[in-house]
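Structure file data-v2.cif (mmCIF, C-alpha atoms) is printed below.
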```cif
data_structure
#
loop_
_atom_site.label_atom_id
_atom_site.label_comp_id
_atom_site.auth_asym_id
_atom_site.auth_seq_id
_atom_site.Cartn_x
_atom_site.Cartn_y
_atom_site.Cartn_z
CA MET E 10 -209.19 3.39 97.89
CA SER E 11 -206.34 1.90 99.90
CA GLU E 12 -205.77 -0.85 97.28
CA ILE E 13 -205.14 1.82 94.66
CA PHE E 14 -202.65 3.56 96.96
CA ALA E 15 -200.92 0.29 97.74
CA ALA E 16 -200.34 -0.24 94.02
CA CYS E 17 -198.73 3.17 93.48
CA SER E 18 -195.04 3.25 94.36
CA CYS E 19 -195.02 7.04 94.52
CA PHE E 20 -198.13 7.49 96.66
CA GLY E 21 -196.45 8.30 99.98
CA LEU E 22 -193.74 10.43 98.44
CA PHE E 23 -196.23 12.48 96.47
CA LEU E 24 -198.66 12.85 99.36
CA ALA E 25 -195.95 14.01 101.78
CA ALA E 26 -194.03 16.25 99.38
CA GLY E 27 -197.20 17.53 97.69
CA SER E 28 -198.90 18.63 100.92
CA TYR E 29 -195.59 20.11 102.15
CA GLN E 30 -195.23 22.18 98.98
CA LEU E 31 -198.88 23.18 99.14
CA ALA E 32 -198.31 24.68 102.58
CA ARG E 33 -195.27 26.57 101.25
CA ALA E 34 -197.33 27.84 98.31
CA ILE E 35 -200.02 29.10 100.69
CA ASN E 36 -197.38 30.92 102.74
CA LYS E 37 -195.87 32.46 99.62
CA ARG E 38 -199.24 33.60 98.34
CA SER E 39 -200.28 35.18 101.61
CA GLY E 40 -196.83 36.62 102.26
CA LYS E 41 -197.03 35.36 105.85
CA GLU E 42 -195.97 32.21 107.69
CA ILE E 43 -199.55 31.13 108.43
CA CYS E 44 -199.19 27.46 107.67
CA ASN E 45 -196.17 25.50 108.92
CA PRO E 46 -195.26 23.00 106.17
CA LEU E 47 -194.24 20.16 108.53
CA LEU E 48 -197.38 20.49 110.64
CA PHE E 49 -199.63 20.89 107.60
CA ALA E 50 -198.13 17.87 105.82
CA THR E 51 -198.39 15.73 108.98
CA LEU E 52 -202.06 16.59 109.46
CA ALA E 53 -202.86 16.24 105.74
CA CYS E 54 -201.16 12.83 105.43
CA GLY E 55 -202.53 11.56 108.75
CA GLY E 56 -206.01 12.82 107.93
CA LEU E 57 -206.06 11.27 104.46
CA LEU E 58 -204.78 7.91 105.75
CA LEU E 59 -207.43 7.82 108.50
CA ALA E 60 -210.22 9.01 106.20
CA THR E 61 -209.50 6.40 103.53
CA GLY E 62 -208.72 3.62 106.00
CA THR E 63 -205.22 3.27 104.57
CA ASP E 64 -202.55 1.65 106.70
CA TYR E 65 -199.53 3.72 107.71
CA GLN E 66 -197.37 0.94 106.31
CA VAL E 67 -198.80 1.54 102.80
CA PHE E 68 -197.82 5.20 103.04
CA TYR E 69 -194.38 4.28 104.36
CA ASP E 70 -193.61 1.49 101.87
CA ASN E 71 -194.76 3.50 98.85
CA GLY E 72 -192.43 6.47 98.98
CA GLY E 73 -192.50 7.57 102.61
CA ASN E 74 -189.40 5.48 103.18
CA ILE E 75 -187.55 7.39 100.44
CA LEU E 76 -187.91 10.62 102.38
CA GLU E 77 -186.89 8.95 105.61
CA PHE E 78 -183.84 7.45 103.88
CA PHE E 79 -182.36 10.92 103.38
CA LEU E 80 -182.77 11.83 107.04
CA THR E 81 -179.48 10.20 108.11
CA PRO E 82 -177.28 12.00 105.52
CA ALA E 83 -179.19 15.25 106.20
CA THR E 84 -178.54 14.97 109.94
CA ILE E 85 -174.87 14.26 109.22
CA CYS E 86 -174.72 17.47 107.17
CA LEU E 87 -175.59 19.45 110.29
CA ALA E 88 -171.81 19.22 110.75
CA ILE E 89 -171.48 21.88 108.04
CA PRO E 90 -173.04 24.82 109.95
CA LEU E 91 -171.33 23.47 113.06
CA TYR E 92 -167.95 23.66 111.29
CA LYS E 93 -168.61 27.14 109.92
CA GLN E 94 -169.55 28.54 113.32
CA PHE E 95 -167.08 26.57 115.42
CA GLU E 96 -165.06 29.58 116.62
CA LEU E 97 -168.15 31.26 118.03
CA LEU E 98 -169.27 28.08 119.75
CA ARG E 99 -165.82 27.36 121.20
CA LYS E 100 -165.61 30.85 122.66
CA ASN E 101 -168.95 30.26 124.39
CA ALA E 102 -168.33 26.66 125.46
CA GLY E 103 -169.36 27.42 129.05
CA ALA E 104 -172.71 28.87 128.01
CA VAL E 105 -173.32 25.93 125.66
CA LEU E 106 -172.66 23.34 128.36
CA ALA E 107 -174.50 25.16 131.16
CA GLY E 108 -177.49 25.93 128.92
CA CYS E 109 -177.86 22.33 127.75
CA ALA E 110 -177.36 20.91 131.25
CA ALA E 111 -179.96 23.29 132.71
CA GLY E 112 -182.40 22.29 129.97
CA VAL E 113 -181.88 18.56 130.56
CA ALA E 114 -182.33 19.07 134.32
CA ALA E 115 -185.57 20.99 133.76
CA HIS E 116 -186.84 18.24 131.50
CA MET E 117 -186.02 15.46 133.98
CA LEU E 118 -187.76 17.37 136.79
CA GLY E 119 -190.79 17.76 134.54
CA CYS E 120 -190.91 13.97 134.05
CA VAL E 121 -190.69 13.39 137.83
CA LEU E 122 -193.55 15.85 138.28
CA MET E 123 -195.65 13.88 135.79
CA LEU E 124 -194.81 10.67 137.63
CA ALA E 125 -195.99 12.10 140.94
CA LEU E 126 -198.99 13.96 139.54
CA PHE E 127 -200.50 11.17 137.44
CA ARG E 128 -199.19 8.19 139.44
CA MET E 129 -197.87 6.89 136.13
CA GLU E 130 -196.82 3.30 135.73
CA GLY E 131 -193.05 2.84 135.56
CA ALA E 132 -192.72 1.96 131.88
CA ALA E 133 -194.91 4.90 130.84
CA TYR E 134 -192.81 7.32 132.91
CA ILE E 135 -189.57 5.92 131.50
CA SER E 136 -190.96 6.40 127.99
CA LEU E 137 -191.08 10.15 128.64
CA LEU E 138 -187.46 10.50 129.82
CA PRO E 139 -185.83 10.57 126.33
CA LYS E 140 -188.48 12.91 124.88
CA SER E 141 -186.26 15.87 124.00
CA ILE E 142 -183.54 14.01 122.11
CA THR E 143 -183.18 12.78 118.57
CA THR E 144 -185.44 9.80 117.75
CA ALA E 145 -182.74 7.23 117.18
CA ILE E 146 -181.02 7.84 120.55
CA GLY E 147 -184.38 8.20 122.28
CA LYS E 148 -185.79 4.96 120.93
CA GLY E 149 -182.68 2.98 121.90
CA LEU E 150 -182.58 4.54 125.35
CA SER E 151 -186.27 3.83 125.99
CA GLU E 152 -185.76 0.16 125.05
CA GLU E 153 -182.71 -0.13 127.24
CA LEU E 154 -184.39 1.34 130.33
CA GLY E 155 -187.63 -0.62 129.93
CA GLY E 156 -190.02 1.96 128.47
CA PHE E 157 -192.41 1.73 125.50
CA PRO E 158 -190.27 2.67 122.46
CA ALA E 159 -193.34 3.45 120.29
CA ILE E 160 -194.64 5.91 122.89
CA THR E 161 -191.21 7.49 123.17
CA MET E 162 -191.16 7.88 119.37
CA ALA E 163 -194.59 9.50 119.35
CA THR E 164 -193.66 11.86 122.20
CA ILE E 165 -190.39 12.79 120.52
CA MET E 166 -192.24 13.54 117.29
CA LEU E 167 -194.84 15.68 119.08
CA THR E 168 -192.03 17.56 120.82
CA GLY E 169 -190.15 18.13 117.57
CA LEU E 170 -193.25 19.18 115.70
CA PHE E 171 -194.18 21.64 118.43
CA GLY E 172 -190.62 22.98 118.61
CA ALA E 173 -190.38 23.40 114.84
CA VAL E 174 -193.70 25.21 114.66
CA ALA E 175 -193.63 27.36 117.80
CA ALA E 176 -189.92 28.05 118.47
CA PRO E 177 -189.61 31.51 116.86
CA SER E 178 -192.68 32.95 118.62
CA LEU E 179 -191.92 31.24 121.95
CA LEU E 180 -188.33 32.53 121.98
CA LYS E 181 -189.54 36.04 121.27
CA TRP E 182 -192.05 35.75 124.10
CA PHE E 183 -189.37 34.44 126.49
CA GLY E 184 -187.07 37.31 125.60
CA VAL E 185 -184.33 35.08 124.20
CA THR E 186 -182.71 37.30 121.58
CA GLU E 187 -179.08 36.10 121.44
CA LYS E 188 -178.83 34.04 118.25
CA LEU E 189 -176.61 31.49 119.94
CA SER E 190 -179.05 31.03 122.82
CA GLN E 191 -181.96 30.71 120.42
CA GLY E 192 -180.19 27.84 118.67
CA LEU E 193 -179.22 26.12 121.93
CA ALA E 194 -182.77 26.43 123.27
CA ILE E 195 -184.24 24.89 120.12
CA GLY E 196 -181.75 22.02 119.89
CA THR E 197 -182.02 21.16 123.59
CA SER E 198 -185.81 21.22 123.67
CA SER E 199 -186.75 19.81 120.29
CA HIS E 200 -183.81 17.94 118.67
CA ALA E 201 -183.38 17.63 114.89
CA ALA E 202 -186.97 18.57 114.01
CA GLY E 203 -186.64 21.86 115.85
CA THR E 204 -183.16 22.27 114.38
CA SER E 205 -184.63 22.13 110.88
CA ARG E 206 -186.42 25.33 111.84
CA ALA E 207 -183.34 26.81 113.53
CA VAL E 208 -181.42 26.34 110.27
CA GLU E 209 -184.08 28.47 108.57
CA MET E 210 -183.70 31.17 111.23
CA GLY E 211 -180.01 31.63 110.51
CA GLU E 212 -176.60 30.01 110.36
CA VAL E 213 -175.64 30.74 113.99
CA GLN E 214 -178.95 29.34 115.25
CA GLY E 215 -178.57 26.25 113.04
CA ALA E 216 -175.03 25.57 114.25
CA ALA E 217 -175.87 26.08 117.94
CA SER E 218 -178.95 23.91 117.62
CA SER E 219 -176.95 21.11 115.94
CA LEU E 220 -174.37 21.19 118.71
CA ALA E 221 -177.13 21.19 121.33
CA ILE E 222 -178.57 17.97 119.84
CA VAL E 223 -175.26 16.20 120.42
CA VAL E 224 -174.61 17.65 123.90
CA THR E 225 -178.22 17.12 125.08
CA GLY E 226 -178.29 13.60 123.66
CA LEU E 227 -175.16 12.65 125.60
CA LEU E 228 -176.30 14.34 128.84
CA THR E 229 -179.66 12.56 128.61
CA VAL E 230 -178.02 9.18 128.01
CA LEU E 231 -176.08 9.80 131.24
CA ALA E 232 -178.95 11.21 133.32
CA ALA E 233 -181.91 9.07 132.25
CA PRO E 234 -180.74 5.79 133.89
CA ILE E 235 -180.50 7.61 137.24
CA PHE E 236 -184.00 9.07 136.91
CA ALA E 237 -185.36 5.73 135.73
CA GLN E 238 -184.54 4.37 139.21
CA LEU E 239 -187.28 6.52 140.73
CA THR E 240 -190.14 4.21 139.72
CA MET R 226 -171.26 16.65 87.96
CA LYS R 227 -170.22 18.74 90.94
CA TYR R 228 -173.42 17.68 92.66
CA LEU R 229 -172.87 14.00 91.93
CA HIS R 230 -169.35 14.29 93.32
CA GLU R 231 -170.62 15.87 96.54
CA ALA R 232 -173.44 13.35 96.85
CA VAL R 233 -170.93 10.48 96.64
CA ILE R 234 -168.78 12.06 99.37
CA ILE R 235 -171.79 12.48 101.66
CA ALA R 236 -172.91 8.93 100.92
CA ALA R 237 -169.40 7.72 101.78
CA VAL R 238 -169.44 9.54 105.14
CA THR R 239 -172.88 8.07 105.85
CA PHE R 240 -171.62 4.59 104.98
CA LEU R 241 -168.57 5.01 107.23
CA ALA R 242 -170.82 6.19 110.05
CA GLU R 243 -172.98 3.09 109.69
CA ILE R 244 -169.91 0.84 109.73
CA LEU R 245 -168.74 2.60 112.91
CA LYS R 246 -172.16 2.08 114.48
CA PHE R 247 -171.99 -1.62 113.59
CA PHE R 248 -168.71 -2.08 115.46
CA LEU R 249 -169.55 0.31 118.30
CA PRO R 250 -173.27 -0.28 118.97
CA LEU R 251 -173.92 2.36 121.66
CA PRO R 252 -177.51 3.61 121.97
CA ILE R 253 -176.54 6.46 119.64
CA PRO R 254 -177.81 6.64 116.06
CA ALA R 255 -175.49 6.34 113.05
CA SER R 256 -176.45 9.90 112.10
CA ILE R 257 -174.75 11.29 115.21
CA TYR R 258 -171.62 9.20 114.58
CA GLY R 259 -171.69 10.68 111.07
CA LEU R 260 -172.19 14.24 112.29
CA VAL R 261 -169.11 13.99 114.49
CA LEU R 262 -167.16 12.19 111.73
CA LEU R 263 -167.95 14.82 109.07
CA PHE R 264 -167.04 17.55 111.54
CA ILE R 265 -163.66 15.92 112.23
CA LEU R 266 -163.02 15.45 108.49
CA LEU R 267 -163.76 19.14 107.84
CA LYS R 268 -161.81 20.39 110.84
CA SER R 269 -158.72 18.30 110.01
CA GLY R 270 -158.82 19.47 106.39
CA VAL R 271 -159.30 15.99 104.91
CA LEU R 272 -162.49 17.32 103.33
CA LYS R 273 -162.94 20.88 102.14
CA LEU R 274 -166.14 22.80 102.69
CA GLU R 275 -166.63 23.14 98.90
CA GLN R 276 -166.72 19.35 98.60
CA VAL R 277 -169.93 18.98 100.59
CA GLU R 278 -171.43 22.45 100.79
CA HIS R 279 -174.00 22.44 97.98
CA VAL R 280 -175.59 19.01 98.34
CA GLY R 281 -175.30 19.38 102.12
CA GLY R 282 -177.13 22.69 101.96
CA LEU R 283 -179.83 21.13 99.82
CA LEU R 284 -180.34 18.30 102.32
CA LEU R 285 -180.49 20.74 105.23
CA GLU R 286 -183.04 22.85 103.38
CA CYS R 287 -185.27 19.80 102.80
CA MET R 288 -184.97 18.50 106.35
CA PRO R 289 -188.48 19.35 107.59
CA LEU R 290 -189.92 17.46 104.61
CA LEU R 291 -187.76 14.43 105.44
CA LEU R 292 -189.35 14.34 108.90
CA VAL R 293 -192.92 14.02 107.60
CA PRO R 294 -193.04 10.17 107.51
CA ALA R 295 -191.68 9.84 111.07
CA SER R 296 -194.10 12.48 112.21
CA VAL R 297 -197.11 10.71 110.62
CA SER R 298 -196.10 7.45 112.36
CA PHE R 299 -197.98 8.55 115.50
CA LEU R 300 -200.96 6.88 113.76
CA THR R 301 -199.47 3.47 114.58
CA VAL R 302 -199.53 3.97 118.38
CA LEU R 303 -202.85 5.78 118.82
CA ASP R 304 -204.22 3.04 121.12
CA THR R 305 -201.37 3.03 123.67
CA LEU R 306 -201.17 6.78 123.44
CA GLN R 307 -204.76 7.15 124.62
CA THR R 308 -203.91 5.57 127.97
CA MET R 309 -201.37 8.28 128.80
CA LEU R 310 -202.54 11.17 126.68
CA LEU R 311 -202.47 13.87 129.35
CA PRO R 312 -198.86 13.45 130.53
CA VAL R 313 -197.70 13.12 126.91
CA LEU R 314 -199.48 16.32 125.89
CA ILE R 315 -198.28 18.25 128.96
CA MET R 316 -194.67 17.15 128.42
CA GLY R 317 -194.97 17.77 124.67
CA PHE R 318 -196.24 21.33 124.93
CA VAL R 319 -195.49 22.71 128.42
CA GLY R 320 -192.34 20.62 129.05
CA THR R 321 -190.83 21.57 125.69
CA SER R 322 -191.56 25.27 126.27
CA VAL R 323 -190.03 25.17 129.76
CA VAL R 324 -186.83 23.53 128.48
CA MET R 325 -186.63 26.15 125.72
CA LEU R 326 -187.06 28.93 128.29
CA VAL R 327 -184.49 27.50 130.75
CA THR R 328 -181.78 26.73 128.17
CA GLY R 329 -182.36 30.02 126.36
CA ARG R 330 -182.24 32.24 129.43
CA VAL R 331 -179.36 30.43 131.21
CA SER R 332 -177.09 30.50 128.14
CA GLN R 333 -178.10 34.06 127.31
CA ALA R 334 -177.20 35.26 130.81
CA LEU R 335 -173.77 33.60 130.55
CA ILE R 336 -173.11 34.95 127.04
CA ARG R 337 -174.04 38.49 128.09
CA ARG R 338 -171.88 38.29 131.20
CA ARG R 339 -168.90 37.20 129.09
CA LYS R 340 -169.56 40.00 126.60
CA GLY R 341 -169.68 42.47 129.48
CA HIS R 342 -166.21 41.40 130.61
CA GLU R 343 -164.66 42.04 127.20
#
```
If you convert what's in this file into structure tokens, what do you get?
Amino acid sequence: MSEIFAACSCFGLFLAAGSYQLARAINKRSGKEICNPLLFATLACGGLLLATGTDYQVFYDNGGNILEFFLTPATICLAIPLYKQFELLRKNAGAVLAGCAAGVAAHMLGCVLMLALFRMEGAAYISLLPKSITTAIGKGLSEELGGFPAITMATIMLTGLFGAVAAPSLLKWFGVTEKLSQGLAIGTSSHAAGTSRAVEMGEVQGAASSLAIVVTGLLTVLAAPIFAQLT
Amino acid sequence: MKYLHEAVIIAAVTFLAEILKFFLPLPIPASIYGLVLLFILLKSGVLKLEQVEHVGGLLLECMPLLLVPASVSFLTVLDTLQTMLLPVLIMGFVGTSVVMLVTGRVSQALIRRRKGHE
């Protein structure tokens, strides 16, 4: 099976986009958001690769990389909602900064708790520090501080996936109803993947979440080296 | 042709961001350089919203799909992941929820206090 896939240049693209669209079709049919497209596509692709013994690299080289290529320009375009909502964000600069800083502090404390609770080895603990920020910053930071970049990547993806899937219900449960706060909470906790969901929730949420990615990324780059000393 | 025009502008900003990253290699991805750059270009009026709005909107709409390959890549680190599964899962689910709660409630309290003063 995997030889056939390896020979098809569109295999990964079709598998990813096809399962993603399938999930959207199911949602449309049922009239409810029962099947998150990103989660569904991840499980469908991962499941099929494992079941057929196909290497991830085959999936990536045959079309998966095309999707990933567009991620950089798409992330850059987060500047558009940011620009449109700038006045609102500027007026609430204090809340933006304090919210992001509180979130980063909570995350760092969580990592320290894991370190103490599981007596983690240093490199494993360091790999968790950049978990809430965008993959490219997180991977670089993990390398720089002496963590396992691949583990950091996997943790970041899990975080983003969880944020993108669960954010709307979690925020409702937590009683966070201000649109601006919803966006900040999503961007600070689950970076660009969560932000992709925030954009769907509304323009204010999308803009706040985009800004939170930048602010949280910078705060984490500053704080992580200090917390890395604890090992 | 409008779309092609916008696509070229976005590609140009992406290219500029990558050049910037090459000369200023901080542990920050080119996409964040680009985000700040596009924001500055829009804010200073060098670029108009109409020049990037449609293709930009399309890219933003497709963003979850673009994350699928990165998300599937967990398959490549399954072995190492098994050695620290519990802390990773706790931080992934509980940690993420706690950060969401803290950031959401702290900023909401501040926003409401400011609104109350007005």
Within 12 Å of stretch 243-249 of chain R, counting all atoms listed in the file, which residues qualify if same-chain residues fewer than 3 places away don't, as a count of residues only? 19
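Each of R:Val297, R:Ile265, R:Val331, R:Met288 was checked against E:Ala201 using all atoms listed in the file; the smallest atom-to-atom distance is that of R:Met288.
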Would you list the residues near (-193.1, 25.5, 112.0) (no more than 9 Å away, in the coordinates of the file, using all atoms listed in the file) as a PyMOL selection string? (chain E and resi 42+44-48+170-177+203+206) or (chain R and resi 289)
Here is a test: counting only C-alpha atoms, which residue of R:Leu251, R:Ala295, R:Met226, R:Leu272 is nearest to E:Thr51? R:Ala295
Could you write out as a compact mmCIF listing (two decimals) with C-alpha atoms, keeping the file's coordinate frame the residues that the PyMOL selection byres ((chain R) within 7 of (chain E)) matches in the shown file?
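Saved as result-v6.txt:
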```txt
# COMPACT_ATOMS: atom_id res chain seq x y z
CA ILE R 235 -171.79 12.48 101.66
CA THR R 239 -172.88 8.07 105.85
CA PRO R 252 -177.51 3.61 121.97
CA ILE R 253 -176.54 6.46 119.64
CA PRO R 254 -177.81 6.64 116.06
CA SER R 256 -176.45 9.90 112.10
CA ILE R 257 -174.75 11.29 115.21
CA GLY R 259 -171.69 10.68 111.07
CA LEU R 260 -172.19 14.24 112.29
CA VAL R 261 -169.11 13.99 114.49
CA LEU R 263 -167.95 14.82 109.07
CA PHE R 264 -167.04 17.55 111.54
CA LYS R 268 -161.81 20.39 110.84
CA GLY R 281 -175.30 19.38 102.12
CA LEU R 284 -180.34 18.30 102.32
CA LEU R 285 -180.49 20.74 105.23
CA MET R 288 -184.97 18.50 106.35
CA PRO R 289 -188.48 19.35 107.59
CA LEU R 290 -189.92 17.46 104.61
CA LEU R 291 -187.76 14.43 105.44
CA LEU R 292 -189.35 14.34 108.90
CA VAL R 293 -192.92 14.02 107.60
CA PRO R 294 -193.04 10.17 107.51
CA SER R 296 -194.10 12.48 112.21
CA VAL R 297 -197.11 10.71 110.62
CA SER R 298 -196.10 7.45 112.36
CA PHE R 299 -197.98 8.55 115.50
CA LEU R 300 -200.96 6.88 113.76
CA THR R 301 -199.47 3.47 114.58
CA VAL R 302 -199.53 3.97 118.38
CA LEU R 306 -201.17 6.78 123.44
CA PRO R 312 -198.86 13.45 130.53
CA VAL R 313 -197.70 13.12 126.91
CA GLY R 317 -194.97 17.77 124.67
CA PHE R 318 -196.24 21.33 124.93
CA GLY R 320 -192.34 20.62 129.05
CA THR R 321 -190.83 21.57 125.69
CA VAL R 324 -186.83 23.53 128.48
CA MET R 325 -186.63 26.15 125.72
CA LEU R 326 -187.06 28.93 128.29
CA VAL R 327 -184.49 27.50 130.75
CA THR R 328 -181.78 26.73 128.17
CA GLY R 329 -182.36 30.02 126.36
CA ARG R 330 -182.24 32.24 129.43
CA VAL R 331 -179.36 30.43 131.21
CA SER R 332 -177.09 30.50 128.14
CA GLN R 333 -178.10 34.06 127.31
CA LEU R 335 -173.77 33.60 130.55
CA ILE R 336 -173.11 34.95 127.04
```
Using Å and a single decimal, report how far atom CA of E:Lys181 sits from atom CA of E:Gly40.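 That distance, rounded to one decimal, is 20.4 Å.
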Distance of atom CA of R:Ala232 from atom CA of R:Val280, expressed in Å to one decimal place: 6.2 Å
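Taking atom CA of E:Gly156 and atom CA of R:Thr305 as endpoints, the distance between them is 12.4 Å.
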